[in-house]
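Pasting data_18.pdb here (PDB, C-alpha atoms):
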```pdb
MODEL        1
ATOM      1  CA  MET A  15     -94.240  12.844 171.575  1.00  0.00           C
ATOM      2  CA  LEU A  16     -91.425  15.377 171.212  1.00  0.00           C
ATOM      3  CA  GLN A  17     -89.119  13.200 173.315  1.00  0.00           C
ATOM      4  CA  LYS A  18     -89.744  10.208 170.978  1.00  0.00           C
ATOM      5  CA  ARG A  19     -88.950  12.406 167.970  1.00  0.00           C
ATOM      6  CA  ASN A  20     -85.682  13.601 169.567  1.00  0.00           C
ATOM      7  CA  THR A  21     -84.712   9.998 170.375  1.00  0.00           C
ATOM      8  CA  TYR A  22     -85.500   8.983 166.802  1.00  0.00           C
ATOM      9  CA  ASP A  23     -83.433  11.868 165.376  1.00  0.00           C
ATOM     10  CA  SER A  24     -80.546  11.018 167.709  1.00  0.00           C
ATOM     11  CA  LYS A  25     -80.589   7.353 166.654  1.00  0.00           C
ATOM     12  CA  LYS A  26     -80.815   8.329 162.997  1.00  0.00           C
ATOM     13  CA  LYS A  27     -77.788  10.639 163.304  1.00  0.00           C
ATOM     14  CA  HIS A  28     -75.838   7.910 165.073  1.00  0.00           C
ATOM     15  CA  LEU A  29     -76.759   5.368 162.388  1.00  0.00           C
ATOM     16  CA  ASN A  30     -75.666   7.782 159.650  1.00  0.00           C
ATOM     17  CA  LYS A  31     -72.321   8.281 161.405  1.00  0.00           C
ATOM     18  CA  VAL A  32     -71.824   4.518 161.669  1.00  0.00           C
ATOM     19  CA  LYS A  33     -72.711   4.039 157.985  1.00  0.00           C
ATOM     20  CA  SER A  34     -70.306   6.804 156.991  1.00  0.00           C
ATOM     21  CA  PHE A  35     -67.543   5.301 159.123  1.00  0.00           C
ATOM     22  CA  LEU A  36     -68.048   1.819 157.649  1.00  0.00           C
ATOM     23  CA  LYS A  37     -68.085   3.212 154.111  1.00  0.00           C
ATOM     24  CA  ASP A  38     -64.829   5.086 154.787  1.00  0.00           C
ATOM     25  CA  MET A  39     -63.213   1.973 156.253  1.00  0.00           C
ATOM     26  CA  ALA A  40     -64.292  -0.181 153.303  1.00  0.00           C
ATOM     27  CA  SER A  41     -62.920   2.387 150.875  1.00  0.00           C
ATOM     28  CA  LYS A  42     -59.607   2.603 152.752  1.00  0.00           C
ATOM     29  CA  LYS A  43     -59.331  -1.183 152.842  1.00  0.00           C
ATOM     30  CA  PHE A  44     -60.011  -1.311 149.101  1.00  0.00           C
ATOM     31  CA  GLN A  45     -57.335   1.325 148.484  1.00  0.00           C
ATOM     32  CA  GLU A  46     -54.708  -0.441 150.602  1.00  0.00           C
ATOM     33  CA  GLU A  47     -55.517  -4.053 149.734  1.00  0.00           C
ATOM     34  CA  THR A  48     -54.013  -5.447 146.531  1.00  0.00           C
ATOM     35  CA  THR A  49     -56.535  -7.783 144.989  1.00  0.00           C
ATOM     36  CA  LEU A  50     -55.695 -10.661 142.681  1.00  0.00           C
ATOM     37  CA  PHE A  51     -57.620  -8.915 139.895  1.00  0.00           C
ATOM     38  CA  ARG A  52     -55.486  -5.769 140.228  1.00  0.00           C
ATOM     39  CA  SER A  53     -52.270  -7.720 140.595  1.00  0.00           C
ATOM     40  CA  LEU A  54     -53.022  -9.432 137.266  1.00  0.00           C
ATOM     41  CA  LEU A  55     -54.170  -6.377 135.297  1.00  0.00           C
ATOM     42  CA  GLY A  56     -52.303  -3.592 137.073  1.00  0.00           C
ATOM     43  CA  ASP A  57     -53.312  -1.162 139.780  1.00  0.00           C
ATOM     44  CA  THR A  58     -54.460   1.782 137.679  1.00  0.00           C
ATOM     45  CA  PRO A  59     -57.454   4.055 138.228  1.00  0.00           C
ATOM     46  CA  LYS A  60     -59.280   2.506 135.266  1.00  0.00           C
ATOM     47  CA  ILE A  61     -58.741  -1.034 136.571  1.00  0.00           C
ATOM     48  CA  ARG A  62     -59.957   0.076 140.001  1.00  0.00           C
ATOM     49  CA  VAL A  63     -63.136   1.487 138.436  1.00  0.00           C
ATOM     50  CA  LEU A  64     -63.689  -1.706 136.459  1.00  0.00           C
ATOM     51  CA  GLU A  65     -63.142  -3.809 139.548  1.00  0.00           C
ATOM     52  CA  TYR A  66     -65.596  -1.706 141.565  1.00  0.00           C
ATOM     53  CA  LEU A  67     -68.239  -1.923 138.835  1.00  0.00           C
ATOM     54  CA  LEU A  68     -67.702  -5.667 138.423  1.00  0.00           C
ATOM     55  CA  GLU A  69     -68.106  -6.221 142.162  1.00  0.00           C
ATOM     56  CA  GLY A  70     -71.343  -4.231 142.227  1.00  0.00           C
ATOM     57  CA  ARG A  71     -72.622  -5.189 138.788  1.00  0.00           C
ATOM     58  CA  GLU A  72     -76.206  -5.662 140.006  1.00  0.00           C
ATOM     59  CA  LEU A  73     -76.409  -2.129 141.393  1.00  0.00           C
ATOM     60  CA  ASP A  74     -76.410   1.309 139.851  1.00  0.00           C
ATOM     61  CA  HIS A  75     -73.923   3.876 141.122  1.00  0.00           C
ATOM     62  CA  SER A  76     -73.407   7.618 141.034  1.00  0.00           C
ATOM     63  CA  ILE A  77     -70.114   9.064 139.836  1.00  0.00           C
ATOM     64  CA  GLN A  78     -69.322   9.994 143.438  1.00  0.00           C
ATOM     65  CA  ASP A  79     -69.992   6.424 144.624  1.00  0.00           C
ATOM     66  CA  ILE A  80     -67.811   4.960 141.875  1.00  0.00           C
ATOM     67  CA  ALA A  81     -64.913   7.285 142.676  1.00  0.00           C
ATOM     68  CA  GLU A  82     -65.137   6.616 146.414  1.00  0.00           C
ATOM     69  CA  GLY A  83     -65.616   2.887 145.965  1.00  0.00           C
ATOM     70  CA  ALA A  84     -62.694   2.619 143.560  1.00  0.00           C
ATOM     71  CA  GLY A  85     -60.513   4.673 145.871  1.00  0.00           C
ATOM     72  CA  ILE A  86     -59.748   7.348 143.296  1.00  0.00           C
ATOM     73  CA  ASN A  87     -60.314  11.077 143.086  1.00  0.00           C
ATOM     74  CA  ARG A  88     -63.517  12.260 141.384  1.00  0.00           C
ATOM     75  CA  VAL A  89     -61.513  14.434 139.011  1.00  0.00           C
ATOM     76  CA  THR A  90     -59.538  11.370 137.908  1.00  0.00           C
ATOM     77  CA  LEU A  91     -62.785   9.528 137.230  1.00  0.00           C
ATOM     78  CA  PHE A  92     -64.235  12.462 135.280  1.00  0.00           C
ATOM     79  CA  ARG A  93     -61.128  12.516 133.062  1.00  0.00           C
ATOM     80  CA  MET A  94     -61.704   8.909 131.965  1.00  0.00           C
ATOM     81  CA  TRP A  95     -65.506   8.751 132.212  1.00  0.00           C
ATOM     82  CA  ASP A  96     -66.281   9.792 128.617  1.00  0.00           C
ATOM     83  CA  GLU A  97     -63.982   7.053 127.327  1.00  0.00           C
ATOM     84  CA  ILE A  98     -65.642   4.485 129.603  1.00  0.00           C
ATOM     85  CA  LYS A  99     -69.099   5.558 128.395  1.00  0.00           C
ATOM     86  CA  LYS A 100     -68.049   5.522 124.717  1.00  0.00           C
ATOM     87  CA  CYS A 101     -66.791   1.940 125.085  1.00  0.00           C
ATOM     88  CA  GLY A 102     -70.320   0.983 126.085  1.00  0.00           C
ATOM     89  CA  ILE A 103     -69.310  -0.842 129.245  1.00  0.00           C
ATOM     90  CA  VAL A 104     -71.560   1.317 131.431  1.00  0.00           C
ATOM     91  CA  ALA A 105     -75.166   2.279 130.899  1.00  0.00           C
ATOM     92  CA  HIS A 106     -77.097   5.208 132.333  1.00  0.00           C
ATOM     93  CA  THR A 107     -79.917   3.740 134.431  1.00  0.00           C
ATOM     94  CA  ARG A 108     -81.711   6.647 136.077  1.00  0.00           C
ATOM     95  CA  ASN A 109     -81.439  10.071 137.667  1.00  0.00           C
ATOM     96  CA  ILE A 110     -81.926  10.855 141.317  1.00  0.00           C
ATOM     97  CA  GLY A 111     -82.097  14.604 141.649  1.00  0.00           C
ATOM     98  CA  ASN A 112     -79.029  15.927 139.857  1.00  0.00           C
ATOM     99  CA  ALA A 113     -77.127  12.649 140.177  1.00  0.00           C
ATOM    100  CA  LYS A 114     -76.954  10.328 137.186  1.00  0.00           C
ATOM    101  CA  LEU A 115     -76.689   6.667 138.076  1.00  0.00           C
ATOM    102  CA  TYR A 116     -74.802   4.134 135.999  1.00  0.00           C
ATOM    103  CA  LYS A 117     -74.568   0.378 135.930  1.00  0.00           C
ATOM    104  CA  LEU A 118     -72.159  -2.038 134.312  1.00  0.00           C
ATOM    105  CA  ASN A 119     -73.555  -3.028 130.908  1.00  0.00           C
ATOM    106  CA  VAL A 120     -73.516  -6.799 131.430  1.00  0.00           C
ATOM    107  CA  ASN A 121     -74.840  -7.372 127.886  1.00  0.00           C
ATOM    108  CA  HIS A 122     -71.749  -5.857 126.258  1.00  0.00           C
ATOM    109  CA  PRO A 123     -69.501  -8.623 124.812  1.00  0.00           C
ATOM    110  CA  ASN A 124     -66.327  -7.207 126.393  1.00  0.00           C
ATOM    111  CA  VAL A 125     -68.029  -6.884 129.774  1.00  0.00           C
ATOM    112  CA  LYS A 126     -69.029 -10.548 129.574  1.00  0.00           C
ATOM    113  CA  ILE A 127     -65.366 -11.452 129.082  1.00  0.00           C
ATOM    114  CA  LEU A 128     -64.283  -9.175 131.947  1.00  0.00           C
ATOM    115  CA  THR A 129     -67.002 -10.589 134.195  1.00  0.00           C
ATOM    116  CA  ASP A 130     -65.891 -14.125 133.463  1.00  0.00           C
ATOM    117  CA  LEU A 131     -62.247 -13.210 134.144  1.00  0.00           C
ATOM    118  CA  PHE A 132     -63.185 -11.371 137.338  1.00  0.00           C
ATOM    119  CA  ASP A 133     -65.309 -14.235 138.659  1.00  0.00           C
ATOM    120  CA  LYS A 134     -62.626 -16.817 137.855  1.00  0.00           C
ATOM    121  CA  THR A 135     -59.972 -14.650 139.493  1.00  0.00           C
ATOM    122  CA  ILE A 136     -62.080 -14.218 142.629  1.00  0.00           C
ATOM    123  CA  ASN A 137     -62.834 -17.944 142.791  1.00  0.00           C
ATOM    124  CA  ALA A 138     -59.162 -18.816 142.333  1.00  0.00           C
ATOM    125  CA  GLY A 139     -58.236 -16.400 145.119  1.00  0.00           C
ATOM    126  CA  LEU A 140     -60.846 -17.904 147.445  1.00  0.00           C
ATOM    127  CA  LYS A 141     -59.676 -21.458 146.710  1.00  0.00           C
ATOM    128  CA  GLU A 142     -56.085 -20.413 147.403  1.00  0.00           C
ATOM    129  CA  LYS A 143     -57.061 -18.833 150.749  1.00  0.00           C
ATOM    130  CA  MET A 144     -59.027 -21.943 151.692  1.00  0.00           C
ATOM    131  CA  LEU A 145     -56.032 -24.178 150.914  1.00  0.00           C
ATOM    132  CA  VAL A 146     -53.711 -21.995 152.981  1.00  0.00           C
ATOM    133  CA  SER A 147     -56.115 -21.914 155.929  1.00  0.00           C
ATOM    134  CA  THR A 148     -56.488 -25.727 155.981  1.00  0.00           C
ATOM    135  CA  ARG A 149     -52.734 -26.334 156.200  1.00  0.00           C
TER     136      ARG A 149
ENDMDL
END
```

This entry written out as structure tokens:
Amino acid sequence: MLQKRNTYDSKKKHLNKVKSFLKDMASKKFQEETTLFRSLLGDTPKIRVLEYLLEGRELDHSIQDIAEGAGINRVTLFRMWDEIKKCGIVAHTRNIGNAKLYKLNVNHPNVKILTDLFDKTINAGLKEKMLVSTR
């Protein structure tokens, strides 16, 4: 029984390391890769946050997750967070322990415009890549 528990713990630790590695790689790719959305609107911390929230609009995120996912420092996010909340583009969804989770407020009129722009930009980028790959 103890041997099964040790095997389980070992596999769990390995899985956590793999998840952490993949998360780091995705964040680094996001930081290095210039997306069509950012090339149109500028590569600023606020645009990166918006892009991250638009990509994960169905999910709620902690401040830490948003900062990591957007590829910016947490302090940078905290400096602009009050302004983002006051605009009404994010909504507090729930608390998990001490962490507050937020989600893009998809009912906000400006978010609807941004979502439409983001989706059209992504679709245009995909169509362009498909055309290039078929040549």

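Counting from CA of Asn87 in chain A, the distance to CA of Thr135 in chain A is 26.0 Å.
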
Shortest interatomic distance to Glu69 in chain A - which of A:Lys99, A:Lys27, A:Lys117, A:Arg88, counting only C-alpha atoms: A:Lys117

Which residue of A:Thr48, A:Asn119, A:Asn137, A:Asn124 approaches Glu72 in chain A most closely, using only C-alpha atoms: A:Asn119

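Every protein, DNA or RNA residue with an atom at most 8 Å from His122 in chain A, where all atoms listed in the file count and chain neighbours fewer than 3 positions away do not, is listed here: Gly102, Ile103, Asn119, Val125 and Lys126 of chain A.
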
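You will find CA of Leu67 in chain A at 9.4 Å from CA of Tyr116 in chain A.
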
Residue nearest Leu50 in chain A among A:Ala84, A:Ala105, A:Val63, A:Ala138 (counting only C-alpha atoms): A:Ala138

Neighbour list for range 51-60 of chain A as a ChimeraX atom specification, cut-off 8 Å, only C-alpha atoms, skip fewer than 6 positions in-chain: /A:84,86,90-91,94,132,135-136

Contacts of Asp74 in chain A at 10 Å (all atoms listed in the file; same-chain gap of 4+ positions) as a list in words: Leu67, Gly70, Asp79, Ile80, Val104, Ala105, His106, Thr107, Arg108, Lys114, Leu115, Tyr116, Lys117 and Leu118 of chain A

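Picture a line from CA of Ile77 in chain A to CA of Pro123 in chain A; it runs 23.2 Å.
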
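Distance annotation: of A:Ile98, A:Ala113, A:Val120, A:Leu128, the residue with the minimal separation from Ser76 in chain A is A:Ala113; atom set is all atoms listed in the file.
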
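Checking A:Phe92, A:Lys134, A:Thr49, A:Gly111 one by one against Glu65 in chain A, counting only C-alpha atoms, you find the shortest gap at A:Thr49.
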
Please enclose the listed atoms of range 95-104 of chain A in an axis-aligned box, pad each side by 3 Å, and write out the centre and the three edge lengths in Å, rounded to one decimal, as lines of an AutoDock Vina configuration file.
```
center_x = -67.8
center_y = 4.5
center_z = 128.5
size_x = 13.6
size_y = 16.6
size_z = 13.5
```
